[in-house]
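The structure appears below as structure tokens.
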Amino acid sequence: MTLPSAVSVQPTTSNVLRRARWADKVQVVETPGAPLSSDRTIIAVTSDAVTPGLLSAVHDGAKVIVILAAESGSELLNALPGYSAIDRSPTGEWMLATNREIPVLARTPGEFATRTSLTTFTPPEDAATLMTVNIALKNYVVASQQPLGHGLLTVIGLDLVTLTTPRSWPERIMELLIAQTRGESTETLGVGIVGYGPYGGMGLYHGTAAEQTPGLRLVSAVDANPARISQAQQDFPGLVGYRTADELFGDSVTDIAIIATPPNTHFQLALAALEAGKHVVVEKPLCLTVDEADKLIDVAESNQRVLTVHHNRRWDQDYRTLVSLVEAGMIGEVFNIETSVGGFDHPCRAWHSDTDVSGGLAYDWGAHHIDWIHQLYGTAPERVFAFGHKRRWHEMTNLDQLRIHLQFSGGREATFFQSELDGFRRPKFYVQGTEGTIVGNYAPFEQPRVEPVTGYRVDRYHYAEAPVNLQVALYEGPGRLGLYQPELVSPDTFGFHRDLADNLLVGTPLAVQATQIREVVGVLELAHRSSDLGTLQTLTPR
């Protein structure tokens, strides 16, 4: 008999559990003798739930996670052979350290702050320490894991509210422990890049991300330019260089193929990689049409390969802060979202500005912005209407400006605006709710310096690369608005790659699902069709 983790919870825990991303993967056991699920994890929060039958299930192959809730932590530990409580600390902000020598925790931060009550304890000698807290210069165990027979017994001295806080490290650690299997893999997956590119480009970026993500390693790259392959091998010693994608798809060292070529090549290259048995990451956009997206998803599913898209902007500081404010209900029910990008200048004179290669104006930055909107609303729109202009920049074939209006269920709406004719840059984010408004304005991204001979100089970078500061206006009664500027969350530079490694090596759900991005491609395709025809378009779900 093999059982996943089990959860036994106090009567008041059900509402707390509902908000956790991992809630549907656990069984809540509240009373002794309850039948134990064979396909979900079990968590115990009451001493009544820790019975000989539960421990016997662990020996038979179950994963059981015991959560030491504030009131019952000592009682729970007394019910576990070999465990003893040290202290129960009050609710406060604590710095917790993770043991990254444990494979399942390899991609967690070495230390993070969280608000929780704490139960510190002494585990048996054969239990591995998962997390510790340092109090008065001494480390105390707050989470451990013990192999018992064919199963795993995990004990966590944090409260359930903390472990279910959305997008927090405690919630992520619970997700990892629930997905974990006995004898966790220490495998390193080989990453290959199709389209290494010039120095400082996507090849260097993905290679650096792989090298800084435990469980991933850059092993191969494709580029038709021999000088770029030579540079890649200097950047990453030991890398195997190829002239063609077929060579990489046919090798035995590459597990994950990253397609970093122009958009009009994405479909054919991703399809070939999937058919060759590779997991595939595609630079955005995934492809140019919904039909292409559906074909890739079908092939990935039939070959049991992972297909995802490098929507790394989901990990941007400003966007993650915006999400946390919206999810916390700070501005009430959101009914309008507006995002924009652009300026007044020549568009870039490369393939990004050529419609046949790029797909059109909205397929570059627009892929990120439309994805942001979908994630904030939790769904794709029902209808799409767009209006475009070609007025000034005739050396490139993309539109100069495009406004995409999205209609969602319940009368909600959103707008994405991209322009190369916008002299006064619009806000990056403008989000309205029934209790307030959030705005994030772009600012120049400049670095002044003084050179010995030439004097004052300013290095200017692309404004959209810098996170924007957010401002919140909250209705406080007639004639009164409260203004608030939240601190941005900490950077998470390679969050996409960490999530990918956790999915492939541990089994946690993938954040960027190809089915989600299929809807992004659908909106982009319909937007350009709407602009061409002047008609409202309806998005057809998969």
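Starting from 1 in every chain, residues are counted up; chains themselves are A, B, ... following the order of the structure tokens, and ligands are numbered from 1 as listed.
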
Using only C-alpha atoms, I'd like a table of the residues in stretch 342-404 of chain A that come within 10 Å of stretch 322-335 of chain A; for each, show the closest atom pair and its distance in Å rounded to one decimal, ordered by chain and ascending number, as CSV.
```
residue,atom,partner,partner_atom,distance
A:Trp372,CA,A:Val323,CA,9.3
A:Gln375,CA,A:Val323,CA,8.7
A:Leu376,CA,A:Val323,CA,6.7
A:Tyr377,CA,A:Val334,CA,8.0
```

Using 9 Å as the limit and counting only C-alpha atoms, can you tabulate each residue of stretch 444-533 of chain A that touches stretch 89-113 of chain A, with its shortest atom-to-atom distance in Å and the two atoms involved, as CSV?
```
residue,atom,partner,partner_atom,distance
A:Arg498,CA,A:Arg107,CA,6.3
A:Asp499,CA,A:Arg107,CA,8.7
A:Ala501,CA,A:Arg107,CA,8.3
A:Asp502,CA,A:Arg107,CA,7.7
A:Leu505,CA,A:Val104,CA,8.3
A:Val506,CA,A:Val104,CA,6.6
```

| said: Which residues are near A:Arg460? Cut-off 7 Å, only C-alpha atoms, ignore same chain within fewer than 6 positions. Put them as a list in words. | reply: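 My reading of the contact set: Phe445, Glu446 and Gln447 of chain A.
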
| query | In Å to one decimal, how far is atom CA of A:Ser168 from atom CA of A:Pro486? | reply |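 Here the two named atoms are 17.1 Å from each other.
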
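A straight line drawn from atom CA of A:Leu406 to atom CA of A:Pro444 is 28.9 Å long.
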
| Quick one: residues within 12 Å of A:Asp294, only C-alpha atoms counted, chain neighbours fewer than 4 positions away excluded, as a list of chain:residue names? |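 That gives A:Phe267, A:Leu271, A:Leu286, A:Cys287, A:Leu288, A:Thr289, A:Val290, A:Asp298, A:Val299, A:Ala300, A:Glu301, A:Leu307, A:Ala514, A:Thr515, A:Gln516, A:Ile517, A:Arg518, A:Glu519, A:Val521, A:Gly522, A:Thr540, A:Pro541, A:Arg542.
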
| query | How far is it from atom CA of A:Leu399 to atom CA of A:Leu361, in Å with one decimal? | reply |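 Calculated distance between atom CA of A:Leu399 and atom CA of A:Leu361 is 5.8 Å.
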
| said: Measuring between only C-alpha atoms, which one of A:Leu54, A:Leu274, A:Val191, A:Ala127 shows the shortest distance to A:Val240? | reply: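 Looking only at the distances to A:Val240, the closest residue turns out to be A:Val191.
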
Near A:Arg320, counting only C-alpha atoms, which residues have an atom at most 10 Å away, once you skip same-chain residues fewer than 5 positions from it, shown as a CSV table (one decimal) with N, CA, C and O atoms, in the first residue's frame?
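Here's the written file part.csv:
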```csv
chain,number,residue,atom,x,y,z
A,167,ARG,N,1.6,32.3,-2.1
A,167,ARG,CA,2.9,32.8,-2.7
A,167,ARG,C,4.0,33.0,-1.7
A,167,ARG,O,4.9,33.8,-2.0
A,313,ARG,N,8.4,37.2,-16.7
A,313,ARG,CA,7.9,38.4,-16.2
A,313,ARG,C,6.9,38.2,-15.1
A,313,ARG,O,6.5,39.1,-14.4
A,314,ARG,N,6.4,36.9,-14.9
A,314,ARG,CA,5.5,36.7,-13.8
A,314,ARG,C,6.3,36.8,-12.5
A,314,ARG,O,5.7,36.9,-11.4
A,315,TRP,N,7.6,36.8,-12.5
A,315,TRP,CA,8.4,36.9,-11.3
A,315,TRP,C,9.0,38.3,-11.1
A,315,TRP,O,9.8,38.5,-10.2
A,325,LEU,N,-1.2,42.5,-3.6
A,325,LEU,CA,-2.2,43.5,-3.2
A,325,LEU,C,-3.6,43.1,-3.7
A,325,LEU,O,-4.6,43.2,-2.9
A,326,VAL,N,-3.7,42.7,-4.9
A,326,VAL,CA,-5.0,42.3,-5.4
A,326,VAL,C,-5.5,41.0,-4.7
A,326,VAL,O,-6.7,41.0,-4.3
A,372,TRP,N,-0.1,38.7,-17.9
A,372,TRP,CA,-0.4,39.4,-16.6
A,372,TRP,C,-1.8,39.6,-16.4
A,372,TRP,O,-2.4,39.3,-15.3
A,488,LEU,N,8.2,47.1,-2.7
A,488,LEU,CA,8.2,46.0,-3.7
A,488,LEU,C,8.8,44.7,-3.0
A,488,LEU,O,9.7,44.8,-2.2
A,489,VAL,N,8.3,43.6,-3.4
A,489,VAL,CA,8.8,42.3,-2.9
A,489,VAL,C,10.2,42.2,-3.4
A,489,VAL,O,10.7,42.8,-4.3
A,490,SER,N,10.9,41.3,-2.8
A,490,SER,CA,12.3,41.0,-3.1
A,490,SER,C,12.5,40.5,-4.5
A,490,SER,O,11.6,39.8,-5.0
A,491,PRO,N,13.6,40.7,-5.2
A,491,PRO,CA,13.8,40.1,-6.5
A,491,PRO,C,13.8,38.6,-6.5
A,491,PRO,O,14.2,38.0,-5.5
A,492,ASP,N,13.4,38.0,-7.6
A,492,ASP,CA,13.4,36.5,-7.7
A,492,ASP,C,13.9,36.3,-9.2
A,492,ASP,O,13.1,35.9,-10.0
```

| request: Could you tell me which of A:Gln304, A:Gln407, A:Gln234, A:Gln180 comes closest to A:Gln537 if we count only C-alpha atoms? | output: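 Going through A:Gln304, A:Gln407, A:Gln234, A:Gln180 one by one, the smallest distance to A:Gln537 is for A:Gln407.
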
| said: Give me the residues near stretch 55-64 of chain A as a PyMOL selection string, where near means some atom within 12 Å (using only C-alpha atoms) and where sequence neighbours in that chain fewer than 2 positions away do not count. | reply: chain A and resi 1-8+25-29+32-45+49-53+66-67+79-81+144-156+174+177-182

| Tell me, which residues of stretch 334-455 of chain A carry DSSP alpha helix (DSSP H), written as a list in words? |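 Alpha helix (DSSP H) assignments inside stretch 334-455 of chain A correspond to Thr355, Asp356, Val357, Ser358, Trp365, Gly366, Ala367, His368, His369, Ile370, Asp371, Trp372, Ile373, His374, Gln375, Leu376 and Tyr377 of chain A.
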
Preceding selection exported with N, CA and C atoms as an mmCIF file, in the first residue's frame:
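File part31.cif, as written:
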```cif
data_model
loop_
_atom_site.group_PDB
_atom_site.id
_atom_site.type_symbol
_atom_site.label_atom_id
_atom_site.label_comp_id
_atom_site.auth_asym_id
_atom_site.auth_seq_id
_atom_site.Cartn_x
_atom_site.Cartn_y
_atom_site.Cartn_z
ATOM 1 N N THR A 355 6.646 42.140 -39.137
ATOM 2 C CA THR A 355 5.427 41.368 -38.872
ATOM 3 C C THR A 355 5.575 39.905 -39.263
ATOM 4 N N ASP A 356 6.192 39.615 -40.408
ATOM 5 C CA ASP A 356 6.310 38.225 -40.854
ATOM 6 C C ASP A 356 7.127 37.377 -39.892
ATOM 7 N N VAL A 357 8.105 37.987 -39.237
ATOM 8 C CA VAL A 357 8.978 37.245 -38.323
ATOM 9 C C VAL A 357 8.439 37.255 -36.897
ATOM 10 N N SER A 358 8.014 38.441 -36.431
ATOM 11 C CA SER A 358 7.615 38.587 -35.025
ATOM 12 C C SER A 358 6.177 38.171 -34.753
ATOM 13 N N TRP A 365 6.330 42.424 -26.222
ATOM 14 C CA TRP A 365 5.926 42.804 -24.869
ATOM 15 C C TRP A 365 4.474 42.431 -24.585
ATOM 16 N N GLY A 366 3.648 42.465 -25.612
ATOM 17 C CA GLY A 366 2.238 42.150 -25.412
ATOM 18 C C GLY A 366 1.996 40.762 -24.855
ATOM 19 N N ALA A 367 2.859 39.802 -25.209
ATOM 20 C CA ALA A 367 2.694 38.448 -24.666
ATOM 21 C C ALA A 367 2.770 38.469 -23.147
ATOM 22 N N HIS A 368 3.703 39.257 -22.589
ATOM 23 C CA HIS A 368 3.812 39.360 -21.135
ATOM 24 C C HIS A 368 2.605 40.088 -20.542
ATOM 25 N N HIS A 369 2.226 41.191 -21.148
ATOM 26 C CA HIS A 369 1.147 41.999 -20.585
ATOM 27 C C HIS A 369 -0.191 41.263 -20.617
ATOM 28 N N ILE A 370 -0.483 40.583 -21.709
ATOM 29 C CA ILE A 370 -1.735 39.817 -21.785
ATOM 30 C C ILE A 370 -1.710 38.682 -20.752
ATOM 31 N N ASP A 371 -0.564 38.046 -20.587
ATOM 32 C CA ASP A 371 -0.448 37.000 -19.567
ATOM 33 C C ASP A 371 -0.683 37.573 -18.171
ATOM 34 N N TRP A 372 -0.112 38.741 -17.884
ATOM 35 C CA TRP A 372 -0.351 39.387 -16.585
ATOM 36 C C TRP A 372 -1.848 39.590 -16.351
ATOM 37 N N ILE A 373 -2.525 40.110 -17.366
ATOM 38 C CA ILE A 373 -3.960 40.384 -17.229
ATOM 39 C C ILE A 373 -4.726 39.090 -16.963
ATOM 40 N N HIS A 374 -4.426 38.043 -17.723
ATOM 41 C CA HIS A 374 -5.106 36.756 -17.520
ATOM 42 C C HIS A 374 -4.873 36.234 -16.110
ATOM 43 N N GLN A 375 -3.641 36.353 -15.617
ATOM 44 C CA GLN A 375 -3.332 35.848 -14.286
ATOM 45 C C GLN A 375 -4.047 36.661 -13.203
ATOM 46 N N LEU A 376 -4.128 37.961 -13.374
ATOM 47 C CA LEU A 376 -4.812 38.796 -12.383
ATOM 48 C C LEU A 376 -6.302 38.481 -12.316
ATOM 49 N N TYR A 377 -6.912 38.221 -13.462
ATOM 50 C CA TYR A 377 -8.335 37.877 -13.482
ATOM 51 C C TYR A 377 -8.579 36.388 -13.257
#
```

| For A:His405, which of A:Thr538, A:Ile438, A:Arg425, A:Gly482 is the closest residue, counting only C-alpha atoms? | A:Thr538

| said: Could you list, as number ranges by chain, every residue within 12 Å of stretch 251-254 of chain A, counting only C-alpha atoms and ignoring same-chain residues fewer than 4 positions away? | reply: A: 188-194, 216-222, 238-242, 244-247, 258, 273, 276-280

Selection export as an mmCIF file, in the first residue's frame, atoms kept: N, CA and C atoms:
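Saved result, selection_33.cif, follows:
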```
data_model
loop_
_atom_site.group_PDB
_atom_site.id
_atom_site.type_symbol
_atom_site.label_atom_id
_atom_site.label_comp_id
_atom_site.auth_asym_id
_atom_site.auth_seq_id
_atom_site.Cartn_x
_atom_site.Cartn_y
_atom_site.Cartn_z
ATOM 1 N N THR A 188 20.803 15.745 -12.194
ATOM 2 C CA THR A 188 20.970 17.054 -12.815
ATOM 3 C C THR A 188 20.531 16.946 -14.261
ATOM 4 N N LEU A 189 19.632 17.834 -14.671
ATOM 5 C CA LEU A 189 19.083 17.805 -16.024
ATOM 6 C C LEU A 189 19.917 18.685 -16.950
ATOM 7 N N GLY A 190 20.234 18.151 -18.141
ATOM 8 C CA GLY A 190 21.001 18.898 -19.126
ATOM 9 C C GLY A 190 20.122 19.853 -19.905
ATOM 10 N N VAL A 191 20.541 21.106 -19.979
ATOM 11 C CA VAL A 191 19.803 22.150 -20.693
ATOM 12 C C VAL A 191 20.546 22.494 -21.975
ATOM 13 N N GLY A 192 19.817 22.597 -23.077
ATOM 14 C CA GLY A 192 20.385 23.021 -24.351
ATOM 15 C C GLY A 192 19.632 24.220 -24.885
ATOM 16 N N ILE A 193 20.349 25.133 -25.533
ATOM 17 C CA ILE A 193 19.745 26.361 -26.049
ATOM 18 C C ILE A 193 19.829 26.364 -27.566
ATOM 19 N N VAL A 194 18.688 26.466 -28.200
ATOM 20 C CA VAL A 194 18.624 26.571 -29.659
ATOM 21 C C VAL A 194 18.535 28.052 -30.002
ATOM 22 N N LEU A 216 19.865 21.860 -12.580
ATOM 23 C CA LEU A 216 19.973 22.189 -14.003
ATOM 24 C C LEU A 216 21.431 22.487 -14.341
ATOM 25 N N ARG A 217 21.816 22.186 -15.571
ATOM 26 C CA ARG A 217 23.170 22.505 -16.043
ATOM 27 C C ARG A 217 23.137 22.698 -17.544
ATOM 28 N N LEU A 218 23.747 23.793 -18.010
ATOM 29 C CA LEU A 218 23.823 24.026 -19.448
ATOM 30 C C LEU A 218 24.847 23.086 -20.064
ATOM 31 N N VAL A 219 24.399 22.265 -21.015
ATOM 32 C CA VAL A 219 25.293 21.270 -21.612
ATOM 33 C C VAL A 219 25.468 21.437 -23.109
ATOM 34 N N SER A 220 24.564 22.189 -23.775
ATOM 35 C CA SER A 220 24.662 22.271 -25.231
ATOM 36 C C SER A 220 24.048 23.574 -25.730
ATOM 37 N N ALA A 221 24.441 23.950 -26.955
ATOM 38 C CA ALA A 221 23.893 25.152 -27.578
ATOM 39 C C ALA A 221 23.996 25.025 -29.087
ATOM 40 N N VAL A 222 23.045 25.661 -29.759
ATOM 41 C CA VAL A 222 23.015 25.692 -31.226
ATOM 42 C C VAL A 222 23.134 27.132 -31.683
ATOM 43 N N GLY A 238 33.016 23.137 -21.260
ATOM 44 C CA GLY A 238 32.446 21.798 -21.356
ATOM 45 C C GLY A 238 31.198 21.736 -22.207
ATOM 46 N N LEU A 239 30.652 22.897 -22.592
ATOM 47 C CA LEU A 239 29.436 22.927 -23.407
ATOM 48 C C LEU A 239 29.701 22.326 -24.784
ATOM 49 N N VAL A 240 28.742 21.552 -25.297
ATOM 50 C CA VAL A 240 28.823 20.974 -26.642
ATOM 51 C C VAL A 240 28.138 21.933 -27.613
ATOM 52 N N GLY A 241 28.841 22.331 -28.672
ATOM 53 C CA GLY A 241 28.279 23.254 -29.645
ATOM 54 C C GLY A 241 27.803 22.543 -30.895
ATOM 55 N N TYR A 242 26.658 22.984 -31.425
ATOM 56 C CA TYR A 242 26.080 22.402 -32.638
ATOM 57 C C TYR A 242 25.780 23.512 -33.642
ATOM 58 N N THR A 244 23.296 22.889 -36.014
ATOM 59 C CA THR A 244 21.877 22.745 -36.342
ATOM 60 C C THR A 244 21.091 22.255 -35.134
ATOM 61 N N ALA A 245 19.810 22.588 -35.122
ATOM 62 C CA ALA A 245 18.934 22.154 -34.034
ATOM 63 C C ALA A 245 18.770 20.639 -34.029
ATOM 64 N N ASP A 246 18.736 20.021 -35.203
ATOM 65 C CA ASP A 246 18.553 18.568 -35.264
ATOM 66 C C ASP A 246 19.665 17.825 -34.530
ATOM 67 N N GLU A 247 20.864 18.380 -34.558
ATOM 68 C CA GLU A 247 21.968 17.742 -33.831
ATOM 69 C C GLU A 247 21.682 17.730 -32.325
ATOM 70 N N ILE A 258 15.681 24.669 -24.930
ATOM 71 C CA ILE A 258 15.123 26.023 -24.863
ATOM 72 C C ILE A 258 15.182 26.635 -26.255
ATOM 73 N N ALA A 273 11.558 19.229 -31.328
ATOM 74 C CA ALA A 273 12.165 18.890 -30.036
ATOM 75 C C ALA A 273 11.272 17.951 -29.239
ATOM 76 N N ALA A 276 11.346 14.533 -30.585
ATOM 77 C CA ALA A 276 12.625 13.876 -30.289
ATOM 78 C C ALA A 276 12.725 13.461 -28.827
ATOM 79 N N GLY A 277 11.693 13.785 -28.045
ATOM 80 C CA GLY A 277 11.674 13.354 -26.648
ATOM 81 C C GLY A 277 12.249 14.341 -25.662
ATOM 82 N N LYS A 278 12.445 15.592 -26.074
ATOM 83 C CA LYS A 278 12.969 16.598 -25.168
ATOM 84 C C LYS A 278 11.821 17.304 -24.433
ATOM 85 N N HIS A 279 12.070 17.722 -23.187
ATOM 86 C CA HIS A 279 11.221 18.729 -22.568
ATOM 87 C C HIS A 279 11.532 20.042 -23.263
ATOM 88 N N VAL A 280 10.528 20.915 -23.392
ATOM 89 C CA VAL A 280 10.724 22.104 -24.222
ATOM 90 C C VAL A 280 10.289 23.371 -23.487
#
```

| task | Go through A:Glu75, A:Glu283, A:Asp345, A:Glu292 one by one, measure the shortest atom-to-atom distance of each to A:Asn312 using only C-alpha atoms, and give the residue with the smallest value. | result | A:Glu283
